[in-house]
Every structure is written in structure tokens, then in C-alpha cells.
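Asks: Just dropping this structure here.
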Amino acid sequence: MASLALSTGAKDDEWYTPQYAFADIAHLIPKDKVIWEPFYGDGASGRYLTDLGFRVEHHENLDFFESAPYDYDIIVSNPPYSNKILTFKRLRELDVPFMILVPVSTITKQFTKKYFLNDLQMVIPSKRIHFTRGGEQSKRSWFDVVWLCYKMGFPRDIIYL
């Protein structure tokens, strides 16, 4: 996850996804696709996906809202939670397959319905994900998350891990 602190004033977006969260969904990500992980953060998520055998050719500190690489097939990311509305708007503009990790409450938000009504699938982790900060894993996360997925073509709309 990258920080939006510079552009939005958010100071608490520096929480990152642990490797096991990506390992849990690895069987759902097509191996033959080029991944763009647009929220650079500390760079670890791109390494985790690469270590899992994926082609992560785009994991650099770019502005997701202003630019995009031209040669990628899928977005896999944990976007900053401080500005989900802009993230969903941008994802709709890009109109490419994605798997994004968001708080479960995101599925009830008006912006989710506005941009992706009836178009999303959901992957529910088997346990609460404890994010990392400053290289250390949190002891407890106070909210649950889900992977919201678009154009992934899963056989079911809700997948429990």
C-alpha cells in the first residue's frame, strides 16, 4: 500500500500487506498475466508477488491517479484506505481486471455501487489480516478485509479461503 499522505494529508496510510495475504490468493491469480502493483509503499508487495512466481513488471513509485503503465494485464494491490472513492473511480476508468484488498465495509459504500454495481466478486480471507508498519507486524487489526475482484472470471462470486 502506498501513502497518499502528500496529496491528501492522510498520515495513517502506511500499513502494508504481509506476504501470507498474497500467498493465500496466489492460486486465484493467473500466472501468465503481467501484474501492476500500483501502490508502492515500502516495495515489499511487489517482491512478495514476484517471489510467488508472478510477473510483476510494474511496481514503482508512480502516481496511480495520474499515470499507468501501458503493458499490464491485472492490478493486484492493497490501496490506501484514506481515499477509496478516488481509487474506485480510477479503477473504473482503467477498466482492467483487479484484486484489491479493502475493509469489508467497502462493499456497502455508495461509491462501490456507483462504479461497480453487480460487477464485483469477493474473496474472503480465512483469518483476519494483520498488517505491517515499519517492518513489524501489528499484533491486532481492528477490522476485517476482503479482496474485491473485477473481471477475474471466478466460478463463484464469493470465495472463502
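Naming works like this for the C-alpha cells: A, B, ... for the chains as they're shown, residue 1 at the start of each chain, ligands 1 onward in shown order.
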Residues of segment 1-84 of chain A in alpha helix (DSSP H) according to DSSP, as an mmCIF file with N, CA, C and O atoms, in the first residue's frame?

Replies:
data_model
loop_
_atom_site.group_PDB
_atom_site.id
_atom_site.type_symbol
_atom_site.label_atom_id
_atom_site.label_comp_id
_atom_site.auth_asym_id
_atom_site.auth_seq_id
_atom_site.Cartn_x
_atom_site.Cartn_y
_atom_site.Cartn_z
ATOM 1 N N ALA A 5 -0.330 10.436 1.792
ATOM 2 C CA ALA A 5 -0.115 11.498 2.767
ATOM 3 C C ALA A 5 0.240 12.819 2.102
ATOM 4 O O ALA A 5 -0.224 13.871 2.524
ATOM 5 N N LEU A 6 1.037 12.793 1.057
ATOM 6 C CA LEU A 6 1.434 14.041 0.426
ATOM 7 C C LEU A 6 0.277 14.726 -0.274
ATOM 8 O O LEU A 6 0.150 15.939 -0.242
ATOM 9 N N SER A 7 -0.592 13.955 -0.908
ATOM 10 C CA SER A 7 -1.664 14.573 -1.676
ATOM 11 C C SER A 7 -2.954 14.776 -0.894
ATOM 12 O O SER A 7 -3.744 15.635 -1.240
ATOM 13 N N THR A 8 -3.185 13.997 0.149
ATOM 14 C CA THR A 8 -4.458 14.104 0.859
ATOM 15 C C THR A 8 -4.322 14.552 2.302
ATOM 16 O O THR A 8 -5.315 14.819 2.956
ATOM 17 N N GLN A 19 3.161 -10.895 3.574
ATOM 18 C CA GLN A 19 3.346 -11.858 2.484
ATOM 19 C C GLN A 19 2.270 -12.944 2.490
ATOM 20 O O GLN A 19 1.795 -13.354 1.432
ATOM 21 N N TYR A 20 1.858 -13.410 3.653
ATOM 22 C CA TYR A 20 0.892 -14.508 3.685
ATOM 23 C C TYR A 20 -0.444 -14.128 3.049
ATOM 24 O O TYR A 20 -1.153 -14.987 2.522
ATOM 25 N N ALA A 21 -0.804 -12.858 3.053
ATOM 26 C CA ALA A 21 -2.071 -12.445 2.430
ATOM 27 C C ALA A 21 -2.021 -12.633 0.913
ATOM 28 O O ALA A 21 -3.011 -13.025 0.299
ATOM 29 N N PHE A 22 -0.871 -12.377 0.320
ATOM 30 C CA PHE A 22 -0.709 -12.616 -1.117
ATOM 31 C C PHE A 22 -0.597 -14.112 -1.399
ATOM 32 O O PHE A 22 -1.146 -14.601 -2.387
ATOM 33 N N ALA A 23 0.093 -14.850 -0.541
ATOM 34 C CA ALA A 23 0.218 -16.300 -0.723
ATOM 35 C C ALA A 23 -1.153 -16.966 -0.678
ATOM 36 O O ALA A 23 -1.410 -17.918 -1.423
ATOM 37 N N ASP A 24 -2.042 -16.455 0.160
ATOM 38 C CA ASP A 24 -3.390 -17.030 0.279
ATOM 39 C C ASP A 24 -4.204 -16.920 -1.006
ATOM 40 O O ASP A 24 -5.084 -17.741 -1.256
ATOM 41 N N ILE A 25 -3.938 -15.895 -1.822
ATOM 42 C CA ILE A 25 -4.714 -15.715 -3.062
ATOM 43 C C ILE A 25 -3.934 -16.117 -4.309
ATOM 44 O O ILE A 25 -4.443 -16.003 -5.424
ATOM 45 N N ALA A 44 7.644 -3.912 -0.646
ATOM 46 C CA ALA A 44 7.610 -5.335 -0.296
ATOM 47 C C ALA A 44 6.562 -6.116 -1.076
ATOM 48 O O ALA A 44 6.806 -7.266 -1.454
ATOM 49 N N SER A 45 5.393 -5.531 -1.337
ATOM 50 C CA SER A 45 4.333 -6.293 -2.001
ATOM 51 C C SER A 45 4.742 -6.762 -3.388
ATOM 52 O O SER A 45 4.419 -7.878 -3.792
ATOM 53 N N GLY A 46 5.459 -5.938 -4.123
ATOM 54 C CA GLY A 46 5.959 -6.357 -5.432
ATOM 55 C C GLY A 46 6.926 -7.521 -5.318
ATOM 56 O O GLY A 46 6.896 -8.455 -6.115
ATOM 57 N N ARG A 47 7.781 -7.474 -4.308
ATOM 58 C CA ARG A 47 8.720 -8.587 -4.077
ATOM 59 C C ARG A 47 7.969 -9.853 -3.679
ATOM 60 O O ARG A 47 8.305 -10.951 -4.130
ATOM 61 N N TYR A 48 6.954 -9.703 -2.817
ATOM 62 C CA TYR A 48 6.183 -10.873 -2.396
ATOM 63 C C TYR A 48 5.531 -11.555 -3.597
ATOM 64 O O TYR A 48 5.582 -12.780 -3.725
ATOM 65 N N LEU A 49 4.906 -10.767 -4.463
ATOM 66 C CA LEU A 49 4.249 -11.343 -5.642
ATOM 67 C C LEU A 49 5.264 -11.988 -6.585
ATOM 68 O O LEU A 49 5.018 -13.060 -7.134
ATOM 69 N N THR A 50 6.404 -11.351 -6.754
ATOM 70 C CA THR A 50 7.468 -11.924 -7.588
ATOM 71 C C THR A 50 7.967 -13.233 -6.987
ATOM 72 O O THR A 50 8.143 -14.229 -7.696
ATOM 73 N N ASP A 51 8.162 -13.250 -5.689
ATOM 74 C CA ASP A 51 8.614 -14.476 -5.012
ATOM 75 C C ASP A 51 7.604 -15.609 -5.158
ATOM 76 O O ASP A 51 7.971 -16.783 -5.116
ATOM 77 N N LYS A 84 -10.592 5.903 -0.793
ATOM 78 C CA LYS A 84 -11.155 4.797 -1.573
ATOM 79 C C LYS A 84 -12.014 5.296 -2.735
ATOM 80 O O LYS A 84 -12.073 4.668 -3.779
#

Asks: Could you name the residues that touch Val123 of chain A at 9 Å or less, counting only C-alpha atoms, but leaving out those on the same chain fewer than 5 positions away, as an NGL selection string?

Replies: :A and (25 or 99 or 146-149 or 157-161)

Asks: Tell me which of A:Leu62, A:Val76, A:Met152, A:Ile129 sits closest to Val34 of chain A, counting only C-alpha atoms.

Replies: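 Comparing A:Leu62, A:Val76, A:Met152, A:Ile129 against Val34 of chain A, the winner is A:Val76.
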
Asks: Mind the document's chain letters and residue numbers, and return as a JSON list (two decimals) with N, CA, C and O atoms, in the first residue's frame the residues of segment 98-143 of chain A that DSSP labels strand (DSSP E or B).

Replies:
[["chain", "number", "residue", "atom", "x", "y", "z"],
["A", 98, "PHE", "N", -8.84, -6.65, -11.64],
["A", 98, "PHE", "CA", -8.10, -6.32, -10.43],
["A", 98, "PHE", "C", -8.53, -7.18, -9.27],
["A", 98, "PHE", "O", -9.61, -7.76, -9.25],
["A", 99, "MET", "N", -7.62, -7.23, -8.29],
["A", 99, "MET", "CA", -7.88, -7.81, -6.97],
["A", 99, "MET", "C", -7.31, -6.80, -5.98],
["A", 99, "MET", "O", -6.10, -6.59, -5.95],
["A", 100, "ILE", "N", -8.19, -6.14, -5.22],
["A", 100, "ILE", "CA", -7.73, -5.15, -4.26],
["A", 100, "ILE", "C", -8.22, -5.52, -2.86],
["A", 100, "ILE", "O", -9.34, -5.98, -2.69],
["A", 101, "LEU", "N", -7.37, -5.30, -1.91],
["A", 101, "LEU", "CA", -7.66, -5.63, -0.52],
["A", 101, "LEU", "C", -8.22, -4.38, 0.17],
["A", 101, "LEU", "O", -7.55, -3.36, 0.24],
["A", 102, "VAL", "N", -9.46, -4.49, 0.64],
["A", 102, "VAL", "CA", -10.14, -3.34, 1.24],
["A", 102, "VAL", "C", -10.88, -3.76, 2.51],
["A", 102, "VAL", "O", -11.21, -4.93, 2.68],
["A", 103, "PRO", "N", -11.17, -2.80, 3.38],
["A", 103, "PRO", "CA", -12.01, -3.13, 4.55],
["A", 103, "PRO", "C", -13.35, -3.69, 4.09],
["A", 103, "PRO", "O", -13.91, -3.24, 3.08],
["A", 120, "LEU", "N", -18.60, -6.98, -9.24],
["A", 120, "LEU", "CA", -17.51, -7.43, -8.39],
["A", 120, "LEU", "C", -17.70, -8.84, -7.86],
["A", 120, "LEU", "O", -18.82, -9.29, -7.65],
["A", 121, "GLN", "N", -16.57, -9.49, -7.66],
["A", 121, "GLN", "CA", -16.53, -10.75, -6.95],
["A", 121, "GLN", "C", -15.73, -10.50, -5.68],
["A", 121, "GLN", "O", -15.03, -9.49, -5.57],
["A", 122, "MET", "N", -15.84, -11.40, -4.72],
["A", 122, "MET", "CA", -15.20, -11.17, -3.43],
["A", 122, "MET", "C", -14.50, -12.44, -2.96],
["A", 122, "MET", "O", -15.05, -13.53, -3.05],
["A", 123, "VAL", "N", -13.28, -12.25, -2.45],
["A", 123, "VAL", "CA", -12.53, -13.34, -1.85],
["A", 123, "VAL", "C", -12.37, -12.99, -0.37],
["A", 123, "VAL", "O", -11.83, -11.93, -0.03],
["A", 124, "ILE", "N", -12.84, -13.88, 0.47],
["A", 124, "ILE", "CA", -12.83, -13.64, 1.91],
["A", 124, "ILE", "C", -11.71, -14.44, 2.55],
["A", 124, "ILE", "O", -11.69, -15.67, 2.48],
["A", 132, "THR", "N", 1.51, -4.72, 8.42],
["A", 132, "THR", "CA", 2.82, -4.37, 8.93],
["A", 132, "THR", "C", 3.04, -2.87, 8.83],
["A", 132, "THR", "O", 2.46, -2.19, 7.98],
["A", 133, "ARG", "N", 3.89, -2.39, 9.69],
["A", 133, "ARG", "CA", 4.26, -0.98, 9.70],
["A", 133, "ARG", "C", 5.69, -0.89, 10.22],
["A", 133, "ARG", "O", 6.00, -1.47, 11.24],
["A", 136, "GLU", "N", 7.41, -4.16, 11.10],
["A", 136, "GLU", "CA", 6.88, -5.02, 12.16],
["A", 136, "GLU", "C", 5.40, -5.28, 11.95],
["A", 136, "GLU", "O", 4.65, -4.38, 11.59],
["A", 137, "GLN", "N", 5.01, -6.52, 12.18],
["A", 137, "GLN", "CA", 3.61, -6.89, 12.03],
["A", 137, "GLN", "C", 2.81, -6.43, 13.24],
["A", 137, "GLN", "O", 3.25, -6.54, 14.38]]

Asks: Can you pull out every residue within 8 Å of Glu37 of chain A, counting only C-alpha atoms, but drop anything in the same chain fewer than 2 positions away, and send it as a ChimeraX atom specification?

Replies: /A:35,39-40,45-46,56,58-59,75-77

Asks: A:Ile74, A:Leu28, A:Ile85, A:Leu117: which is nearest Pro97 of chain A, counting only C-alpha atoms?

Replies: A:Ile74
